[in-house]
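Structure below is coords16.txt: compact mmCIF, C-alpha atoms.
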# COMPACT_ATOMS: atom_id res chain seq x y z
CA MET O 6 11.05 -6.82 -4.79
CA ILE O 7 9.58 -6.66 -1.30
CA SER O 8 5.96 -7.77 -0.83
CA GLN O 9 5.13 -5.38 2.01
CA ALA O 10 7.14 -2.40 3.22
CA ASP O 11 7.76 -1.67 6.90
CA LEU O 12 8.81 1.89 6.07
CA LEU O 13 6.77 4.16 3.79
CA ILE O 14 8.34 7.43 2.66
CA LEU O 15 6.41 10.14 0.84
CA GLY O 16 8.45 12.83 -0.85
CA LEU O 17 9.84 14.53 -3.90
CA CYS O 18 11.23 12.49 -6.76
CA GLY O 19 13.18 13.75 -9.75
CA GLN O 20 16.44 14.07 -11.62
CA SER O 21 19.47 15.85 -10.14
CA VAL O 22 22.45 17.40 -11.88
CA PHE O 23 25.65 17.89 -9.86
CA LEU O 24 28.24 20.50 -10.80
CA THR O 25 31.55 21.01 -9.00
CA VAL O 26 32.85 24.59 -8.88
CA PRO O 27 35.94 26.15 -7.25
CA ASP O 28 33.79 28.69 -5.36
CA PHE O 29 30.15 29.69 -5.38
CA HIS O 30 28.91 32.43 -7.72
CA GLN O 31 29.10 36.11 -7.02
CA PRO O 32 26.34 38.29 -8.52
CA GLU O 33 26.52 38.38 -12.35
CA GLU O 34 29.43 35.93 -12.35
CA THR O 35 29.66 32.99 -14.77
CA LEU O 36 31.61 29.95 -13.61
CA HIS O 37 32.92 26.89 -15.43
CA ALA O 38 32.21 23.64 -13.60
CA THR O 39 35.05 21.16 -13.21
CA SER O 40 32.79 18.09 -13.14
CA PHE O 41 29.28 17.01 -14.13
CA PHE O 42 27.12 14.14 -12.85
CA CYS O 43 23.44 13.15 -13.01
CA GLU O 44 21.37 10.85 -10.81
CA PRO O 45 17.77 10.62 -9.53
CA GLY O 46 17.04 12.27 -6.21
CA GLY O 47 14.81 14.28 -3.90
CA LYS O 48 14.98 14.23 -0.11
CA GLY O 49 12.39 11.51 0.38
CA TYR O 50 13.82 9.54 -2.54
CA ASN O 51 17.33 9.69 -1.09
CA GLN O 52 16.04 8.69 2.34
CA ALA O 53 14.33 5.65 0.83
CA VAL O 54 17.56 4.47 -0.78
CA ALA O 55 19.46 5.12 2.47
CA ALA O 56 16.97 3.08 4.51
CA ALA O 57 16.91 0.22 2.01
CA ARG O 58 20.71 0.01 2.02
CA MET O 59 20.50 -0.35 5.79
CA GLY O 60 18.21 -3.35 5.41
CA ALA O 61 14.77 -1.78 5.94
CA LYS O 62 11.87 -2.99 3.78
CA THR O 63 11.15 0.36 2.20
CA ALA O 64 8.56 1.83 -0.17
CA PHE O 65 8.73 5.27 -1.73
CA ALA O 66 5.75 7.27 -3.02
CA GLY O 67 6.10 10.41 -5.09
CA ALA O 68 4.64 12.15 -8.12
CA VAL O 69 6.45 12.11 -11.47
CA GLY O 70 5.81 13.31 -15.00
CA CYS O 71 5.39 11.00 -17.97
CA ASP O 72 8.96 11.35 -19.22
CA ALA O 73 12.40 9.77 -19.33
CA ASP O 74 13.37 11.24 -15.96
CA ALA O 75 10.45 9.39 -14.35
CA ASP O 76 11.67 6.16 -15.95
CA ALA O 77 15.15 6.77 -14.54
CA CYS O 78 13.70 7.33 -11.06
CA ALA O 79 11.73 4.07 -11.20
CA ALA O 80 14.70 2.11 -12.51
CA ARG O 81 16.98 3.25 -9.68
CA LEU O 82 14.38 2.36 -7.04
CA ALA O 83 14.17 -1.15 -8.50
CA LEU O 84 17.96 -1.42 -8.50
CA GLU O 85 18.08 -0.42 -4.82
CA GLY O 86 15.30 -2.83 -3.79
CA VAL O 87 12.83 -0.06 -2.92
CA GLN O 88 9.16 -0.67 -3.66
CA SER O 89 8.12 1.97 -6.21
CA LEU O 90 4.79 3.71 -5.65
CA LEU O 91 5.40 6.47 -8.20
CA ILE O 92 2.33 8.39 -9.34
CA PRO O 93 2.46 9.57 -13.01
CA LYS O 94 1.07 13.04 -13.75
CA THR O 95 0.28 14.29 -17.25
CA GLY O 96 1.00 17.84 -18.36
CA CYS O 97 4.01 18.44 -16.10
CA HIS O 98 7.64 17.40 -15.91
CA THR O 99 9.33 15.29 -13.28
CA ALA O 100 11.10 17.38 -10.63
CA TYR O 101 14.63 18.61 -11.36
CA ALA O 102 17.40 19.83 -9.07
CA ALA O 103 20.74 21.56 -9.63
CA ILE O 104 23.40 21.01 -6.97
CA LEU O 105 26.59 23.06 -6.85
CA THR O 106 29.46 21.79 -4.69
CA ASP O 107 32.50 23.94 -3.95
CA ALA O 108 36.09 22.98 -3.17
CA LYS O 109 35.27 22.73 0.56
CA GLY O 110 32.55 20.15 -0.06
CA GLU O 111 29.73 22.57 0.80
CA ASN O 112 26.71 22.71 -1.47
CA ARG O 113 23.93 24.96 -2.74
CA ILE O 114 20.76 23.44 -4.18
CA THR O 115 17.98 24.78 -6.41
CA VAL O 116 14.89 22.63 -7.00
CA TYR O 117 12.15 22.76 -9.62
CA PRO O 118 9.32 20.79 -7.91
CA GLY O 119 7.62 19.64 -11.12
CA ALA O 120 4.92 16.99 -10.65
CA VAL O 121 3.38 17.16 -7.17
CA MET O 122 1.40 14.77 -5.01
CA SER O 123 -2.21 15.53 -4.08
CA ALA O 124 -4.31 14.59 -1.05
CA GLU O 125 -6.21 12.18 -3.30
CA ASP O 126 -2.94 10.48 -4.23
CA VAL O 127 -2.17 9.98 -0.54
CA SER O 128 -5.65 8.60 0.10
CA ALA O 129 -5.01 5.97 -2.58
CA LEU O 130 -1.92 4.90 -0.62
CA GLU O 131 -3.92 4.20 2.55
CA PRO O 132 -3.52 0.38 2.34
CA GLN O 133 0.29 0.69 2.15
CA LEU O 134 0.36 3.30 4.92
CA LYS O 135 -1.87 1.24 7.19
CA ALA O 136 0.38 -1.81 6.76
CA ALA O 137 3.62 0.10 7.43
CA LYS O 138 5.32 0.25 10.82
CA LEU O 139 6.86 3.66 10.21
CA VAL O 140 6.07 6.62 7.93
CA LEU O 141 8.62 9.32 7.07
CA LEU O 142 7.46 12.68 5.68
CA THR O 143 9.12 15.88 4.48
CA PRO O 144 7.48 19.21 3.49
CA GLU O 145 8.72 18.66 -0.07
CA ILE O 146 5.18 17.53 -0.82
CA PRO O 147 2.28 20.05 -0.78
CA GLU O 148 0.59 20.81 2.52
CA GLU O 149 -2.67 19.12 1.52
CA ALA O 150 -0.86 15.86 0.77
CA PHE O 151 1.26 16.20 3.91
CA ALA O 152 -1.84 16.80 6.06
CA LYS O 153 -3.58 13.75 4.60
CA ALA O 154 -0.60 11.52 5.35
CA VAL O 155 -0.44 12.82 8.93
CA GLN O 156 -4.17 12.17 9.33
CA LEU O 157 -3.93 8.58 8.03
CA ALA O 158 -0.91 7.80 10.20
CA HIS O 159 -2.86 9.04 13.22
CA ILE O 160 -5.98 7.03 12.32
CA HIS O 161 -4.03 3.81 11.82
CA HIS O 162 -1.65 4.34 14.78
CA VAL O 163 1.46 4.23 12.59
CA ARG O 164 4.58 5.90 14.02
CA LEU O 165 5.26 9.09 12.09
CA ILE O 166 8.65 10.74 11.67
CA VAL O 167 8.75 14.24 10.20
CA ASN O 168 11.95 15.60 8.69
CA PRO O 169 11.00 19.31 8.33
CA ALA O 170 13.34 19.96 5.42
CA PRO O 171 13.14 22.28 3.67
CA PHE O 172 11.58 24.17 6.57
CA MET O 173 8.12 25.54 5.83
CA PRO O 174 6.25 27.46 8.56
CA TRP O 175 3.04 25.60 7.69
CA VAL O 176 4.57 22.33 8.94
CA ILE O 177 4.67 23.44 12.61
CA PRO O 178 1.03 22.61 13.51
CA TYR O 179 1.51 19.05 12.24
CA LEU O 180 4.58 18.31 14.34
CA GLY O 181 2.46 17.49 17.38
CA ASP O 182 1.26 14.35 15.56
CA ALA O 183 4.80 13.15 14.90
CA TRP O 184 6.40 10.43 17.00
CA CYS O 185 9.76 12.08 16.28
CA VAL O 186 10.92 15.23 14.48
CA THR O 187 14.35 15.40 12.80
CA PRO O 188 15.33 19.00 11.95
CA ASN O 189 18.80 20.39 11.40
CA ARG O 190 20.12 23.34 13.39
CA ASN O 191 18.62 26.03 11.14
CA GLU O 192 15.28 24.26 10.84
CA VAL O 193 14.83 23.80 14.58
CA CYS O 194 15.62 27.48 15.13
CA GLY O 195 12.80 28.28 12.70
CA MET O 196 10.49 25.86 14.51
CA LEU O 197 11.27 27.42 17.90
CA GLY O 198 11.44 31.02 16.67
CA LEU O 199 15.09 31.40 17.69
CA SER O 200 17.31 34.04 16.13
CA ASP O 201 20.45 32.78 17.86
CA ALA O 202 21.47 29.11 17.83
CA ALA O 203 23.69 29.72 20.87
CA CYS O 204 20.73 29.18 23.18
CA LEU O 205 19.49 26.13 21.26
CA GLU O 206 20.04 23.46 23.91
CA ALA O 207 18.17 25.43 26.58
CA ALA O 208 15.27 25.93 24.19
CA LEU O 209 15.21 22.24 23.23
CA ALA O 210 14.73 21.21 26.85
CA ASP O 211 11.42 23.09 26.81
CA ALA O 212 10.39 22.20 23.24
CA PRO O 213 6.74 21.10 22.85
CA TRP O 214 7.64 17.95 20.90
CA PRO O 215 8.51 14.91 23.03
CA ARG O 216 11.11 13.38 20.70
CA MET O 217 13.57 15.10 18.41
CA VAL O 218 16.85 14.31 16.68
CA VAL O 219 18.52 17.62 15.81
CA THR O 220 21.32 17.23 13.28
CA LEU O 221 24.42 19.40 13.73
CA GLY O 222 26.57 18.49 10.74
CA ALA O 223 30.16 17.73 11.74
CA GLU O 224 29.19 18.12 15.41
CA GLY O 225 26.87 15.09 15.26
CA ALA O 226 23.34 15.37 16.63
CA LEU O 227 21.26 16.06 19.71
CA CYS O 228 18.69 13.47 20.74
CA VAL O 229 15.87 15.00 22.80
CA GLN O 230 13.39 12.87 24.75
CA ASN O 231 10.92 14.59 27.06
CA GLY O 232 13.36 17.42 27.79
CA ARG O 233 16.39 15.16 28.27
CA ILE O 234 19.17 15.92 25.79
CA THR O 235 21.76 13.39 24.64
CA ARG O 236 24.68 14.58 22.53
CA ILE O 237 25.68 12.14 19.75
CA PRO O 238 29.19 12.98 18.50
CA ALA O 239 30.16 12.43 14.87
CA PRO O 240 33.27 10.47 13.89
CA MET O 241 36.02 12.52 12.25
CA VAL O 242 35.96 12.40 8.45
CA THR O 243 37.31 14.52 5.61
CA PRO O 244 34.23 15.88 3.81
CA VAL O 245 34.13 15.44 0.06
CA ASP O 246 30.45 16.18 -0.61
CA THR O 247 27.92 17.07 2.10
CA THR O 248 24.91 16.75 -0.22
CA GLY O 249 22.43 14.22 1.14
CA ALA O 250 24.03 13.82 4.57
CA GLY O 251 20.75 14.58 6.32
CA ASP O 252 18.97 12.09 4.09
CA ALA O 253 21.52 9.39 4.96
CA LEU O 254 20.92 10.11 8.64
CA ASN O 255 17.14 9.95 8.37
CA GLY O 256 17.17 6.75 6.35
CA ALA O 257 19.55 5.00 8.74
CA LEU O 258 17.62 6.32 11.74
CA CYS O 259 14.39 4.75 10.45
CA ALA O 260 16.11 1.47 9.60
CA ALA O 261 17.63 1.28 13.08
CA LEU O 262 14.29 1.97 14.75
CA LEU O 263 12.72 -0.83 12.71
CA ALA O 264 15.61 -3.09 13.77
CA GLY O 265 14.63 -2.54 17.42
CA CYS O 266 16.99 0.24 18.47
CA SER O 267 15.98 2.95 20.91
CA LEU O 268 15.89 6.53 19.63
CA PRO O 269 19.39 7.48 20.90
CA GLU O 270 20.81 4.26 19.44
CA ALA O 271 19.09 4.93 16.12
CA ALA O 272 20.39 8.51 16.16
CA ALA O 273 23.92 7.18 16.64
CA ALA O 274 23.45 4.89 13.63
CA GLY O 275 22.17 7.85 11.63
CA VAL O 276 25.13 10.04 12.57
CA LYS O 277 27.53 7.30 11.55
CA ALA O 278 25.76 6.86 8.19
CA ALA O 279 25.79 10.61 7.55
CA SER O 280 29.50 10.82 8.37
CA LEU O 281 30.31 8.01 5.96
CA SER O 282 28.20 9.62 3.23
CA VAL O 283 30.00 12.99 3.27
CA ALA O 284 33.33 11.26 2.69
CA ARG O 285 32.08 10.07 -0.72
CA LEU O 286 31.05 11.81 -3.92
CA HIS O 287 27.40 12.21 -4.93
CA VAL O 288 24.25 11.34 -3.02
CA LEU O 289 22.96 7.88 -3.90
CA ASP O 290 26.40 6.45 -4.62
CA GLY O 291 27.58 7.92 -1.31
CA MET O 292 24.86 6.31 0.80
CA PRO O 293 26.52 3.71 3.05
CA ARG O 294 25.31 0.13 3.22
CA ARG O 295 24.63 -1.84 6.37
CA GLU O 296 27.96 -3.65 6.14
CA ASP O 297 29.76 -0.28 6.20
CA ILE O 298 28.45 0.28 9.73
CA ASN O 299 28.38 -3.28 11.03
CA GLU O 300 31.37 -5.03 12.51
CA CYS O 301 30.41 -8.08 10.43
CA GLY O 302 27.09 -9.55 9.40
CA ASP O 303 23.52 -8.33 9.62
CA SER O 304 22.99 -9.12 13.31
CA LEU O 305 25.43 -6.44 14.41
CA PHE O 306 23.29 -3.59 13.06
CA THR O 307 21.52 -3.42 16.39
CA ARG O 308 24.38 -4.75 18.51
CA VAL O 309 27.03 -2.27 17.36
CA PHE O 310 25.21 0.54 19.14
CA THR O 311 24.44 -1.65 22.17
CA CYS O 312 20.73 -2.23 22.59
CA THR O 313 21.09 -3.31 26.22
CA ALA O 314 20.58 -1.53 29.51
CA ASN O 315 24.11 -2.49 30.54
CA HIS O 316 25.55 0.13 28.16
CA PRO O 317 23.32 3.21 28.32
CA ILE O 318 23.62 5.02 25.02
CA ASP O 319 22.41 8.29 26.58
CA ASN O 320 25.84 8.63 28.17
CA PRO O 321 27.89 10.72 25.69
CA ALA O 322 31.13 9.01 26.70
CA VAL O 323 29.63 5.60 25.93
CA THR O 324 28.34 6.84 22.58
CA ARG O 325 31.78 8.18 21.66
CA TYR O 326 33.39 4.90 22.75
CA LEU O 327 31.01 2.83 20.62
CA LEU O 328 31.59 4.95 17.53
CA THR O 329 35.35 4.68 18.05
CA LYS O 330 35.09 0.89 18.36
CA VAL O 331 33.12 0.73 15.11
CA ASP O 332 35.75 2.81 13.30
CA ALA O 333 38.54 0.60 14.67
CA ARG O 334 36.71 -2.59 13.74
CA LEU O 335 36.07 -1.41 10.18
CA ALA O 336 39.77 -0.55 9.81
CA TRP O 337 40.70 -3.99 11.17
CA ARG O 338 38.42 -5.73 8.69
CA LYS O 339 40.00 -3.84 5.77
CA GLY O 340 43.45 -4.89 6.94
CA SER O 341 42.33 -8.48 7.47
CA ARG O 342 40.90 -8.74 3.95
CA HIS O 343 44.12 -7.29 2.52
CA LYS O 344 46.24 -9.89 4.38
CA LYS O 345 43.98 -12.72 3.16
CA ARG O 346 44.44 -11.59 -0.44
CA GLU O 347 48.20 -11.49 0.09
CA ARG O 348 48.18 -15.05 1.49
CA ARG O 349 46.13 -16.30 -1.46
CA GLY O 350 48.62 -14.71 -3.82
CA ASN O 351 51.57 -16.36 -2.04
CA ASP O 352 49.86 -19.78 -2.14
CA LYS O 353 49.55 -19.72 -5.92
Transcribe the structure of this file into structure tokens.
Amino acid sequence: MISQADLLILGLCGQSVFLTVPDFHQPEETLHATSFFCEPGGKGYNQAVAAARMGAKTAFAGAVGCDADADACAARLALEGVQSLLIPKTGCHTAYAAILTDAKGENRITVYPGAVMSAEDVSALEPQLKAAKLVLLTPEIPEEAFAKAVQLAHIHHVRLIVNPAPFMPWVIPYLGDAWCVTPNRNEVCGMLGLSDAACLEAALADAPWPRMVVTLGAEGALCVQNGRITRIPAPMVTPVDTTGAGDALNGALCAALLAGCSLPEAAAAGVKAASLSVARLHVLDGMPRREDINECGDSLFTRVFTCTANHPIDNPAVTRYLLTKVDARLAWRKGSRHKKRERRGNDK
């Protein structure tokens, strides 16, 4: 277990049940699921696992009930190497979520929030927050807890990333304290008061927040820095389950920033991680590991996306080239390992 986390994530923590259905329900319709699966989850929880798998020293804080689901959440954090800062609450159940996935890989999610974090709980985490290099927040936690975390990050000069998902209007006043904001297309339209996403890029250039990574699903992401927009394309994959893709992106983004990447480079790492995650079933099991993105070895986590001025990542053509090279290298490694196994078999 890590002694001190570089990344502190505050969020929702609970049990998730996944059901696969041919199509989503119509009113008054009963469907039979074709598969059933359970695992711990919550946006912040998923992001913590994603970041840890990318090599970041990560801690997760969230409220839980005093029940078996809380024990399962703690056990999975330990398995993933995430420092557990779970806060037990009496008289309420750990959060629970139901996720439906259709034949196209799209999902619909319903969440029972259960045990919730208070401002006092966040105050008790001040030593861990002060020692962190990066804090990631979502509005899954109540506003009072969210506001306290923002305040402490500001006091201790800790970089704050806000993933405004699910979007809550109350989060907007706090975004000015964030070093970076990471909404998806629908969330940023809510933040900017847009009714039509067609004019999104023009609105982003004038957005009041200096840094943003706007996720666009299969289209990749937009990285915005002081009005300058960089398009990060996503590699082509066949989606199996899109649940948790945004969490994979946010976790990898934070890990890349801690590894020394610039924001566009970190966004490219996040897009790659999200693309890999949707090609796999379930959320935690689908989160890619660092070696899935690297060419080989830990040192390439930063080098794969070129952290040098000689290869400016804000050039979309360069970004696309780098992602293509990563895909090709991963395919080469798979083929190389297969050939080595064949040679070993022939030598016996």
In Å, with one decimal, what is the gap from CA of Asp252 in chain O to CA of Arg233 in chain O?
24.5 Å
Shell of 9 Å around Gly181 in chain O, all atoms listed in the file, local chain residues under 6 positions omitted, as a PDB file with C-alpha atoms, keeping the file's coordinate frame:
ATOM      1  CA  PRO O 213       6.740  21.100  22.850  1.00  0.00           C
ATOM      2  CA  TRP O 214       7.640  17.950  20.900  1.00  0.00           C
ATOM      3  CA  PRO O 215       8.510  14.910  23.030  1.00  0.00           C
TER       4      PRO O 215
END
Neighbouring residues of Ala271 in chain O were defined as those with any atom within 6 Å, considering all atoms listed in the file; residues of the same chain fewer than 4 positions away were excluded. Please report them as an MDAnalysis selection string.
chainID O and resid 258 261:262 266
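Of note, CA of His37 in chain O and CA of Lys109 in chain O are spaced 16.7 Å apart.
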Residues near Gln20 in chain O, anyone? I mean within 10 Å using all atoms listed in the file, not counting same-chain ones fewer than 4 positions away, as a PDB file with C-alpha atoms, in the coordinates of the input.
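Here's the written file result-v2.pdb:
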ATOM      1  CA  CYS O  43      23.440  13.150 -13.010  1.00  0.00           C
ATOM      2  CA  GLU O  44      21.370  10.850 -10.810  1.00  0.00           C
ATOM      3  CA  PRO O  45      17.770  10.620  -9.530  1.00  0.00           C
ATOM      4  CA  GLY O  46      17.040  12.270  -6.210  1.00  0.00           C
ATOM      5  CA  GLY O  47      14.810  14.280  -3.900  1.00  0.00           C
ATOM      6  CA  ALA O  73      12.400   9.770 -19.330  1.00  0.00           C
ATOM      7  CA  ASP O  74      13.370  11.240 -15.960  1.00  0.00           C
ATOM      8  CA  ALA O  75      10.450   9.390 -14.350  1.00  0.00           C
ATOM      9  CA  ALA O  77      15.150   6.770 -14.540  1.00  0.00           C
ATOM     10  CA  CYS O  78      13.700   7.330 -11.060  1.00  0.00           C
ATOM     11  CA  THR O  99       9.330  15.290 -13.280  1.00  0.00           C
ATOM     12  CA  ALA O 100      11.100  17.380 -10.630  1.00  0.00           C
ATOM     13  CA  TYR O 101      14.630  18.610 -11.360  1.00  0.00           C
ATOM     14  CA  ALA O 102      17.400  19.830  -9.070  1.00  0.00           C
ATOM     15  CA  ALA O 103      20.740  21.560  -9.630  1.00  0.00           C
ATOM     16  CA  VAL O 116      14.890  22.630  -7.000  1.00  0.00           C
ATOM     17  CA  TYR O 117      12.150  22.760  -9.620  1.00  0.00           C
TER      18      TYR O 117
END
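Using all atoms listed in the file, the nearest neighbour of Ala136 in chain O within the list O:Leu254, O:Ser89, O:Asp28, O:Asp11 is O:Asp11.
With all atoms listed in the file as the atoms that count, the residue of O:Thr243, O:Ser200, O:Ser267, O:Ser40 with the shortest distance to Ile104 in chain O is O:Ser40.
Minimum atom-to-atom distance to Gly232 in chain O, evaluated using only C-alpha atoms, belongs to O:Ala210 out of O:Val22, O:Ala210, O:Leu197, O:Val218.
Checking O:Leu289, O:Ala137, O:Pro240, O:Asp211 one by one against Arg81 in chain O, counting only C-alpha atoms, you find the shortest gap at O:Leu289.
Between Glu125 in chain O and the candidates O:Asn51, O:Ala152, O:Ala274, O:Ala56, the tightest atom-to-atom separation, counting all atoms listed in the file, involves O:Ala152.
If you look at CA of Ala150 in chain O and CA of Gly275 in chain O, they are 26.7 Å away from each other.
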Env of Val229 in chain O: 10 Å cut, atoms = only C-alpha atoms, seq-sep filter 3 positions within chain, self excluded. Answer as a PyMOL selection string.
chain O and resi 185-186+206+209-210+212+214-219+226+232-236+268-269
Would you kindly place N, CA and C atoms on range 90-115 of chain O and return the model as an mmCIF file, keeping the file's coordinate frame?
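And here's rebuild.cif as it stands now:
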data_model
loop_
_atom_site.group_PDB
_atom_site.id
_atom_site.type_symbol
_atom_site.label_atom_id
_atom_site.label_comp_id
_atom_site.auth_asym_id
_atom_site.auth_seq_id
_atom_site.Cartn_x
_atom_site.Cartn_y
_atom_site.Cartn_z
ATOM 1 N N LEU O 90 6.194 3.304 -5.633
ATOM 2 C CA LEU O 90 4.790 3.710 -5.650
ATOM 3 C C LEU O 90 4.680 5.063 -6.342
ATOM 4 N N LEU O 91 5.379 5.200 -7.471
ATOM 5 C CA LEU O 91 5.400 6.470 -8.200
ATOM 6 C C LEU O 91 4.053 6.725 -8.865
ATOM 7 N N ILE O 92 3.648 7.985 -8.850
ATOM 8 C CA ILE O 92 2.330 8.390 -9.340
ATOM 9 C C ILE O 92 2.531 9.272 -10.574
ATOM 10 N N PRO O 93 2.234 8.767 -11.798
ATOM 11 C CA PRO O 93 2.460 9.570 -13.010
ATOM 12 C C PRO O 93 1.432 10.686 -13.157
ATOM 13 N N LYS O 94 1.916 11.862 -13.547
ATOM 14 C CA LYS O 94 1.070 13.040 -13.750
ATOM 15 C C LYS O 94 1.270 13.546 -15.182
ATOM 16 N N THR O 95 0.181 13.764 -15.893
ATOM 17 C CA THR O 95 0.280 14.290 -17.250
ATOM 18 C C THR O 95 0.336 15.818 -17.210
ATOM 19 N N GLY O 96 0.975 16.383 -18.230
ATOM 20 C CA GLY O 96 1.000 17.840 -18.360
ATOM 21 C C GLY O 96 2.049 18.539 -17.526
ATOM 22 N N CYS O 97 2.929 17.805 -16.871
ATOM 23 C CA CYS O 97 4.010 18.440 -16.100
ATOM 24 C C CYS O 97 5.238 17.544 -16.127
ATOM 25 N N HIS O 98 6.373 18.123 -15.853
ATOM 26 C CA HIS O 98 7.640 17.400 -15.910
ATOM 27 C C HIS O 98 7.994 16.859 -14.527
ATOM 28 N N THR O 99 8.756 15.795 -14.524
ATOM 29 C CA THR O 99 9.330 15.290 -13.280
ATOM 30 C C THR O 99 10.228 16.357 -12.659
ATOM 31 N N ALA O 100 10.298 16.376 -11.352
ATOM 32 C CA ALA O 100 11.100 17.380 -10.630
ATOM 33 C C ALA O 100 12.562 17.345 -11.088
ATOM 34 N N TYR O 101 13.227 18.483 -10.937
ATOM 35 C CA TYR O 101 14.630 18.610 -11.360
ATOM 36 C C TYR O 101 15.367 19.467 -10.340
ATOM 37 N N ALA O 102 16.597 19.083 -10.041
ATOM 38 C CA ALA O 102 17.400 19.830 -9.070
ATOM 39 C C ALA O 102 18.803 20.072 -9.612
ATOM 40 N N ALA O 103 19.353 21.230 -9.292
ATOM 41 C CA ALA O 103 20.740 21.560 -9.630
ATOM 42 C C ALA O 103 21.519 21.750 -8.341
ATOM 43 N N ILE O 104 22.592 20.979 -8.193
ATOM 44 C CA ILE O 104 23.400 21.010 -6.970
ATOM 45 C C ILE O 104 24.805 21.472 -7.308
ATOM 46 N N LEU O 105 25.223 22.569 -6.704
ATOM 47 C CA LEU O 105 26.590 23.060 -6.850
ATOM 48 C C LEU O 105 27.382 22.690 -5.606
ATOM 49 N N THR O 106 28.572 22.134 -5.806
ATOM 50 C CA THR O 106 29.460 21.790 -4.690
ATOM 51 C C THR O 106 30.789 22.500 -4.884
ATOM 52 N N ASP O 107 31.250 23.199 -3.825
ATOM 53 C CA ASP O 107 32.500 23.940 -3.950
ATOM 54 C C ASP O 107 33.685 23.097 -3.486
ATOM 55 N N ALA O 108 34.867 23.705 -3.506
ATOM 56 C CA ALA O 108 36.090 22.980 -3.170
ATOM 57 C C ALA O 108 36.125 22.519 -1.721
ATOM 58 N N LYS O 109 35.323 23.125 -0.853
ATOM 59 C CA LYS O 109 35.270 22.730 0.560
ATOM 60 C C LYS O 109 34.268 21.610 0.811
ATOM 61 N N GLY O 110 33.547 21.193 -0.228
ATOM 62 C CA GLY O 110 32.550 20.150 -0.060
ATOM 63 C C GLY O 110 31.191 20.665 0.356
ATOM 64 N N GLU O 111 31.037 21.994 0.477
ATOM 65 C CA GLU O 111 29.730 22.570 0.800
ATOM 66 C C GLU O 111 28.888 22.645 -0.462
ATOM 67 N N ASN O 112 27.566 22.728 -0.286
ATOM 68 C CA ASN O 112 26.710 22.710 -1.470
ATOM 69 C C ASN O 112 25.609 23.760 -1.408
ATOM 70 N N ARG O 113 25.103 24.102 -2.588
ATOM 71 C CA ARG O 113 23.930 24.960 -2.740
ATOM 72 C C ARG O 113 23.003 24.281 -3.748
ATOM 73 N N ILE O 114 21.712 24.250 -3.417
ATOM 74 C CA ILE O 114 20.760 23.440 -4.180
ATOM 75 C C ILE O 114 19.577 24.294 -4.615
ATOM 76 N N THR O 115 19.195 24.158 -5.882
ATOM 77 C CA THR O 115 17.980 24.780 -6.410
ATOM 78 C C THR O 115 17.098 23.688 -6.986
#
